[in-house]
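What follows is a set of notes on a single structure, which appears directly below.
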Amino acid sequence: MMKSLALALALTGSAWAGTSSKAPIPPPQEPDLWHWFIGGSAGYLVDFEEPLYTGHIGVDTPWKVGGWDVALYLEAGYTDKDQTTSVIDPNVVVAVVRTPLTAELEVIPLTFNVKLERQLTGNLNAYFGGGIGVAFTDFSARAAFSPGPVPSINVSQDDTVFAAQLFAGLIYNFTPNFEVYGGARWIYIDSGNNIPSGLDVDFDSDFDFELGARFTF
C-alpha cells in the first residue's frame, strides 16, 4: 500500500513539473533601420559673394548602393544680394546727373536630395549626392529721377524656376545622434529674371563651401 501511494505521488509530481506558468519568451524585435534627422548649414557662394543658409529634414534608409548608405531629405536654402549703382537722369540735359539705382535679388532653392555616405575610419565618414527641385526668386530695382516725362524705375519680378545641385564632403560623428559636416556644393538655378545691364546681382550657377550640423532622432 505504501509503495502504491509513493508511486502515485511521484507520477503526480512529474506531471506538475512538466507544466510551467511562465509565458513564452517573445522573439527579439527587428531593429528600426529608418532614422529621421534634421540639420542645417552656412556657406559662402564664390561668384555671388554672399552667404547661403540651408535647413533640411530627412531619413536614413536601410538601403545601400555599392556599400554606401542611402539617405533622403528635403532642403530649403536662402541667399540674397543688394547692390546700389547709378544711372544717368534723362531729364537733365545741361549736365550729366546720376541718380542712385538700388537692386536686390532673393533666391530660395527648395530641393529633394539623395545622399550616399560610408565610413572612412573611426568616426569619419565621406558623403556625396545631388538633388533637384525649384527656386523662388524675387528681383526688385528702384531709382527716382527728377521731375519730368521719364518715369522713375520701380521693377519687381517674382519667378519659380528649375534648380539642381551636386555636393560632397566629410562628416564627423561626435555621438551616434550628432554630427558635423563640411564640404562643397555646386548649385544651378535657371533664373528667369531680366536683370538690367550694369547690375551684378544675377544668379545662375555657383559653388558654395559650407559647414553644417545634423541631429538624428
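Just remember, in the C-alpha cells the first chain shown is A, the second B, etc., residues are 1-based per chain, and ligands are 1-based in the order shown.
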Report task. For Asp159 of chain A, list every protein, DNA or RNA residue within 12 Å, evaluated using only C-alpha atoms, and leave out those in the same chain fewer than 5 positions away; present the list as a list in words. Result -> Leu105, Glu106, Val107, Ile108, Pro109, Val134, Ala135, Phe136, Thr137, Asp138, Phe139, Ser140, Ile189, Asp190, Ser191, Gly192, Asn193 and Asn194 of chain A
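The list of residues with at least one atom within 9 Å of segment 65-70 of chain A, based on only C-alpha atoms and without residues fewer than 5 positions apart in the same chain, reads Val59, Asp60, Val114, Lys115, Leu116, Glu117, Arg118, Gln119 and Tyr127 of chain A.
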Pull N, CA and C atoms from the residues just selected and write them as a compact mmCIF listing (two decimals), in the first residue's frame.
```
# COMPACT_ATOMS: atom_id res chain seq x y z
N VAL A 59 15.52 61.30 -43.82
CA VAL A 59 15.52 59.99 -43.18
C VAL A 59 16.70 59.17 -43.71
N ASP A 60 17.39 58.50 -42.78
CA ASP A 60 18.38 57.49 -43.14
C ASP A 60 17.65 56.18 -43.44
N VAL A 114 19.27 63.11 -52.59
CA VAL A 114 19.74 61.77 -52.26
C VAL A 114 21.19 61.89 -51.82
N LYS A 115 21.50 61.38 -50.61
CA LYS A 115 22.86 61.45 -50.06
C LYS A 115 23.38 60.03 -49.87
N LEU A 116 24.61 59.76 -50.33
CA LEU A 116 25.29 58.49 -50.13
C LEU A 116 26.45 58.71 -49.16
N GLU A 117 26.57 57.82 -48.17
CA GLU A 117 27.56 58.00 -47.10
C GLU A 117 28.18 56.67 -46.73
N ARG A 118 29.48 56.69 -46.42
CA ARG A 118 30.14 55.49 -45.92
C ARG A 118 31.29 55.87 -45.00
N GLN A 119 31.63 54.93 -44.12
CA GLN A 119 32.69 55.18 -43.14
C GLN A 119 34.06 55.14 -43.81
N TYR A 127 30.71 61.64 -47.82
CA TYR A 127 29.38 61.68 -48.41
C TYR A 127 29.43 62.39 -49.75
```
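If you count only C-alpha atoms and ignore residues fewer than 3 places along the chain from Asn173 of chain A, what sits within 9 Å of it is Gly122, Asn123, Leu124, Asn125, Pro176, Asn177, Phe178, Glu179, Val180 and Tyr181 of chain A.
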For the residues in that selection, give me C-alpha atoms as a CSV table (one decimal), in the first residue's frame.
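File produced: selection_37.csv:
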```
chain,number,residue,atom,x,y,z
A,122,GLY,CA,36.6,55.7,-36.9
A,123,ASN,CA,34.1,58.5,-36.6
A,124,LEU,CA,35.0,60.0,-40.0
A,125,ASN,CA,32.6,59.4,-43.0
A,176,PRO,CA,25.5,58.4,-32.5
A,177,ASN,CA,22.9,61.2,-32.7
A,178,PHE,CA,25.0,64.3,-33.5
A,179,GLU,CA,27.4,65.0,-36.4
A,180,VAL,CA,29.0,67.9,-38.1
A,181,TYR,CA,29.9,68.1,-41.8
```
**Report entry** atom CA of Gly212 of chain A to atom CA of Glu75 of chain A, straight-line distance in Å
**Finding:**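 Computing the Euclidean distance for atom CA of Glu75 of chain A and atom CA of Gly212 of chain A yields 12.8 Å.
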Query raised in the report: So how far away is atom CA of Thr54 of chain A from atom CA of Thr111 of chain A, in Å?
Result: 10.7 Å
Query raised in the report: Could you pull the residues within 10 Å of Leu74 of chain A, counting only C-alpha atoms, minus those fewer than 5 positions along the same chain, as a ChimeraX atom specification?
Result: /A:38,55-59,110-114,131-133
Report task. Work out how far atom CA of Ala76 of chain A is from atom CA of Ile187 of chain A, in Å to one decimal. Result ->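 Atom-to-atom, atom CA of Ile187 of chain A to atom CA of Ala76 of chain A, that is 12.5 Å.
Across A:Phe203, A:Phe215, A:Trp63, A:Trp186, the tightest approach to Lys81 of chain A is made by A:Phe203 when counting only C-alpha atoms.
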Report task. Name the residues in contact with Asp200 of chain A at a cut-off of 12 Å, using only C-alpha atoms, excluding same-chain residues fewer than 4 positions from it; report them as a VMD selection string. Result -> chain A and resid 47 to 50 80 to 85 102 to 105 195 to 196 204
Expected file contents, prior selection, N, CA and C atoms, as a compact mmCIF listing (two decimals), in the first residue's frame:
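New file out-v6.txt:
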```txt
# COMPACT_ATOMS: atom_id res chain seq x y z
N ASP A 47 30.93 83.06 -56.55
CA ASP A 47 30.68 84.12 -57.53
C ASP A 47 29.66 85.14 -57.04
N PHE A 48 28.62 84.67 -56.38
CA PHE A 48 27.58 85.56 -55.87
C PHE A 48 28.09 86.42 -54.73
N GLU A 49 29.14 85.93 -54.06
CA GLU A 49 29.81 86.64 -52.97
C GLU A 49 28.85 86.98 -51.83
N GLU A 50 28.02 86.01 -51.50
CA GLU A 50 27.08 86.17 -50.39
C GLU A 50 26.94 84.83 -49.66
N ASP A 80 20.62 86.23 -50.60
CA ASP A 80 20.17 87.45 -51.26
C ASP A 80 21.37 88.37 -51.47
N LYS A 81 21.17 89.35 -52.36
CA LYS A 81 22.24 90.30 -52.64
C LYS A 81 21.64 91.65 -52.98
N ASP A 82 22.22 92.70 -52.38
CA ASP A 82 21.84 94.08 -52.65
C ASP A 82 22.97 94.77 -53.41
N GLN A 83 22.58 95.68 -54.28
CA GLN A 83 23.57 96.48 -54.99
C GLN A 83 23.01 97.86 -55.27
N THR A 84 23.84 98.86 -55.07
CA THR A 84 23.48 100.24 -55.40
C THR A 84 24.46 100.77 -56.43
N THR A 85 23.94 101.20 -57.55
CA THR A 85 24.77 101.78 -58.60
C THR A 85 24.13 103.11 -59.00
N THR A 102 18.96 101.19 -56.82
CA THR A 102 19.09 100.13 -55.82
C THR A 102 18.40 98.88 -56.32
N ALA A 103 19.12 97.75 -56.30
CA ALA A 103 18.58 96.48 -56.78
C ALA A 103 18.83 95.40 -55.73
N GLU A 104 17.92 94.43 -55.69
CA GLU A 104 18.04 93.31 -54.75
C GLU A 104 17.49 92.05 -55.40
N LEU A 105 18.20 90.94 -55.18
CA LEU A 105 17.75 89.63 -55.65
C LEU A 105 17.74 88.66 -54.47
N ILE A 195 17.59 90.92 -65.52
CA ILE A 195 18.40 91.83 -64.73
C ILE A 195 18.97 92.89 -65.65
N PRO A 196 18.75 94.19 -65.37
CA PRO A 196 19.32 95.25 -66.22
C PRO A 196 20.84 95.17 -66.27
N ASP A 204 22.98 82.24 -61.59
CA ASP A 204 22.62 81.10 -62.43
C ASP A 204 23.25 79.81 -61.91
```
Query raised in the report: Looking at A:Tyr188, A:Phe209, A:Tyr53, A:Tyr44, which one is nearest to Ala164 of chain A, with distances taken over only C-alpha atoms?
Result: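 Among the listed residues, the smallest separation from Ala164 of chain A belongs to A:Tyr188.
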Query raised in the report: From the list A:Tyr73, A:Tyr172, A:Phe145, A:Phe162, which residue is nearest Leu120 of chain A when using only C-alpha atoms?
Result: A:Tyr172
Report task. Check segment 55-203 of chain A with DSSP on the backbone and list each residue it calls strand (DSSP E), as a ChimeraX atom specification. Result -> /A:55-65,68-88,98-121,124-143,153-175,178-189
Write out the residues from the selection above, keeping C-alpha atoms, as an mmCIF file, in the first residue's frame.
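Dumped everything to result28.cif:
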```cif
data_model
loop_
_atom_site.group_PDB
_atom_site.id
_atom_site.type_symbol
_atom_site.label_atom_id
_atom_site.label_comp_id
_atom_site.auth_asym_id
_atom_site.auth_seq_id
_atom_site.Cartn_x
_atom_site.Cartn_y
_atom_site.Cartn_z
ATOM 1 C CA GLY A 55 17.953 73.742 -43.454
ATOM 2 C CA HIS A 56 16.837 70.172 -44.103
ATOM 3 C CA ILE A 57 14.805 67.244 -42.783
ATOM 4 C CA GLY A 58 15.112 63.669 -43.964
ATOM 5 C CA VAL A 59 15.524 59.991 -43.178
ATOM 6 C CA ASP A 60 18.383 57.485 -43.137
ATOM 7 C CA THR A 61 17.176 54.392 -45.017
ATOM 8 C CA PRO A 62 18.274 50.737 -44.707
ATOM 9 C CA TRP A 63 19.208 50.765 -48.397
ATOM 10 C CA LYS A 64 22.778 50.508 -49.637
ATOM 11 C CA VAL A 65 24.346 51.194 -53.036
ATOM 12 C CA TRP A 68 27.215 53.357 -49.405
ATOM 13 C CA ASP A 69 24.306 54.124 -47.031
ATOM 14 C CA VAL A 70 21.400 55.986 -48.651
ATOM 15 C CA ALA A 71 19.588 58.955 -47.082
ATOM 16 C CA LEU A 72 16.733 61.048 -48.500
ATOM 17 C CA TYR A 73 15.960 64.600 -47.438
ATOM 18 C CA LEU A 74 14.175 67.819 -48.321
ATOM 19 C CA GLU A 75 16.234 71.019 -48.140
ATOM 20 C CA ALA A 76 15.434 74.731 -48.309
ATOM 21 C CA GLY A 77 18.013 77.480 -48.697
ATOM 22 C CA TYR A 78 18.187 81.263 -48.688
ATOM 23 C CA THR A 79 20.547 83.870 -50.120
ATOM 24 C CA ASP A 80 20.169 87.451 -51.262
ATOM 25 C CA LYS A 81 22.240 90.304 -52.640
ATOM 26 C CA ASP A 82 21.835 94.085 -52.649
ATOM 27 C CA GLN A 83 23.575 96.480 -54.986
ATOM 28 C CA THR A 84 23.480 100.240 -55.396
ATOM 29 C CA THR A 85 24.767 101.784 -58.601
ATOM 30 C CA SER A 86 23.955 104.937 -60.550
ATOM 31 C CA VAL A 87 22.189 105.725 -63.818
ATOM 32 C CA ILE A 88 22.043 108.949 -65.825
ATOM 33 C CA ARG A 98 23.360 110.456 -61.994
ATOM 34 C CA THR A 99 20.737 109.080 -59.631
ATOM 35 C CA PRO A 100 21.110 106.025 -57.366
ATOM 36 C CA LEU A 101 19.683 102.694 -58.577
ATOM 37 C CA THR A 102 19.092 100.133 -55.819
ATOM 38 C CA ALA A 103 18.582 96.477 -56.780
ATOM 39 C CA GLU A 104 18.036 93.310 -54.749
ATOM 40 C CA LEU A 105 17.755 89.626 -55.653
ATOM 41 C CA GLU A 106 16.447 86.986 -53.214
ATOM 42 C CA VAL A 107 16.829 83.277 -54.024
ATOM 43 C CA ILE A 108 15.129 80.444 -52.105
ATOM 44 C CA PRO A 109 16.002 76.993 -53.512
ATOM 45 C CA LEU A 110 13.875 74.001 -52.475
ATOM 46 C CA THR A 111 15.269 70.592 -53.467
ATOM 47 C CA PHE A 112 14.709 66.863 -52.888
ATOM 48 C CA ASN A 113 18.080 65.195 -52.342
ATOM 49 C CA VAL A 114 19.737 61.772 -52.256
ATOM 50 C CA LYS A 115 22.860 61.449 -50.062
ATOM 51 C CA LEU A 116 25.292 58.490 -50.128
ATOM 52 C CA GLU A 117 27.558 58.002 -47.098
ATOM 53 C CA ARG A 118 30.138 55.489 -45.925
ATOM 54 C CA GLN A 119 32.690 55.182 -43.137
ATOM 55 C CA LEU A 120 36.297 56.081 -43.853
ATOM 56 C CA THR A 121 37.854 55.471 -40.436
ATOM 57 C CA LEU A 124 34.971 59.997 -40.000
ATOM 58 C CA ASN A 125 32.645 59.428 -42.959
ATOM 59 C CA ALA A 126 32.526 60.621 -46.552
ATOM 60 C CA TYR A 127 29.379 61.678 -48.411
ATOM 61 C CA PHE A 128 28.217 62.810 -51.835
ATOM 62 C CA GLY A 129 24.915 63.230 -53.625
ATOM 63 C CA GLY A 130 22.616 65.518 -55.522
ATOM 64 C CA GLY A 131 19.127 66.938 -55.735
ATOM 65 C CA ILE A 132 16.578 68.624 -57.968
ATOM 66 C CA GLY A 133 13.709 70.986 -57.283
ATOM 67 C CA VAL A 134 12.678 74.583 -57.750
ATOM 68 C CA ALA A 135 13.914 78.010 -56.712
ATOM 69 C CA PHE A 136 11.768 81.003 -55.809
ATOM 70 C CA THR A 137 13.397 84.252 -56.969
ATOM 71 C CA ASP A 138 12.415 87.827 -56.201
ATOM 72 C CA PHE A 139 14.123 90.696 -58.038
ATOM 73 C CA SER A 140 13.445 94.396 -57.409
ATOM 74 C CA ALA A 141 15.059 97.615 -58.663
ATOM 75 C CA ARG A 142 14.267 101.225 -57.745
ATOM 76 C CA ALA A 143 15.536 104.576 -58.998
ATOM 77 C CA ILE A 153 12.311 102.931 -62.212
ATOM 78 C CA ASN A 154 10.331 100.582 -59.984
ATOM 79 C CA VAL A 155 10.709 96.948 -61.075
ATOM 80 C CA SER A 156 9.541 93.875 -59.144
ATOM 81 C CA GLN A 157 9.736 90.374 -60.597
ATOM 82 C CA ASP A 158 8.852 87.083 -58.882
ATOM 83 C CA ASP A 159 9.544 83.738 -60.536
ATOM 84 C CA THR A 160 9.657 79.994 -59.845
ATOM 85 C CA VAL A 161 12.417 78.242 -61.786
ATOM 86 C CA PHE A 162 14.218 74.902 -62.015
ATOM 87 C CA ALA A 163 17.028 74.217 -59.513
ATOM 88 C CA ALA A 164 19.582 71.406 -59.123
ATOM 89 C CA GLN A 165 22.682 70.716 -57.066
ATOM 90 C CA LEU A 166 25.584 68.316 -56.513
ATOM 91 C CA PHE A 167 27.502 68.067 -53.234
ATOM 92 C CA ALA A 168 30.307 66.166 -51.484
ATOM 93 C CA GLY A 169 32.275 66.363 -48.258
ATOM 94 C CA LEU A 170 33.243 64.797 -44.923
ATOM 95 C CA ILE A 171 31.215 64.012 -41.778
ATOM 96 C CA TYR A 172 32.475 63.615 -38.214
ATOM 97 C CA ASN A 173 30.211 61.791 -35.728
ATOM 98 C CA PHE A 174 30.625 63.204 -32.225
ATOM 99 C CA THR A 175 27.878 60.890 -30.899
ATOM 100 C CA PHE A 178 25.019 64.286 -33.507
ATOM 101 C CA GLU A 179 27.403 65.010 -36.371
ATOM 102 C CA VAL A 180 29.050 67.943 -38.106
ATOM 103 C CA TYR A 181 29.933 68.086 -41.769
ATOM 104 C CA GLY A 182 31.856 70.245 -44.164
ATOM 105 C CA GLY A 183 32.010 70.238 -47.916
ATOM 106 C CA ALA A 184 31.206 71.937 -51.171
ATOM 107 C CA ARG A 185 28.207 72.079 -53.440
ATOM 108 C CA TRP A 186 27.544 73.211 -56.986
ATOM 109 C CA ILE A 187 24.106 74.759 -57.331
ATOM 110 C CA TYR A 188 22.322 75.676 -60.559
ATOM 111 C CA ILE A 189 19.277 77.943 -60.816
#
```
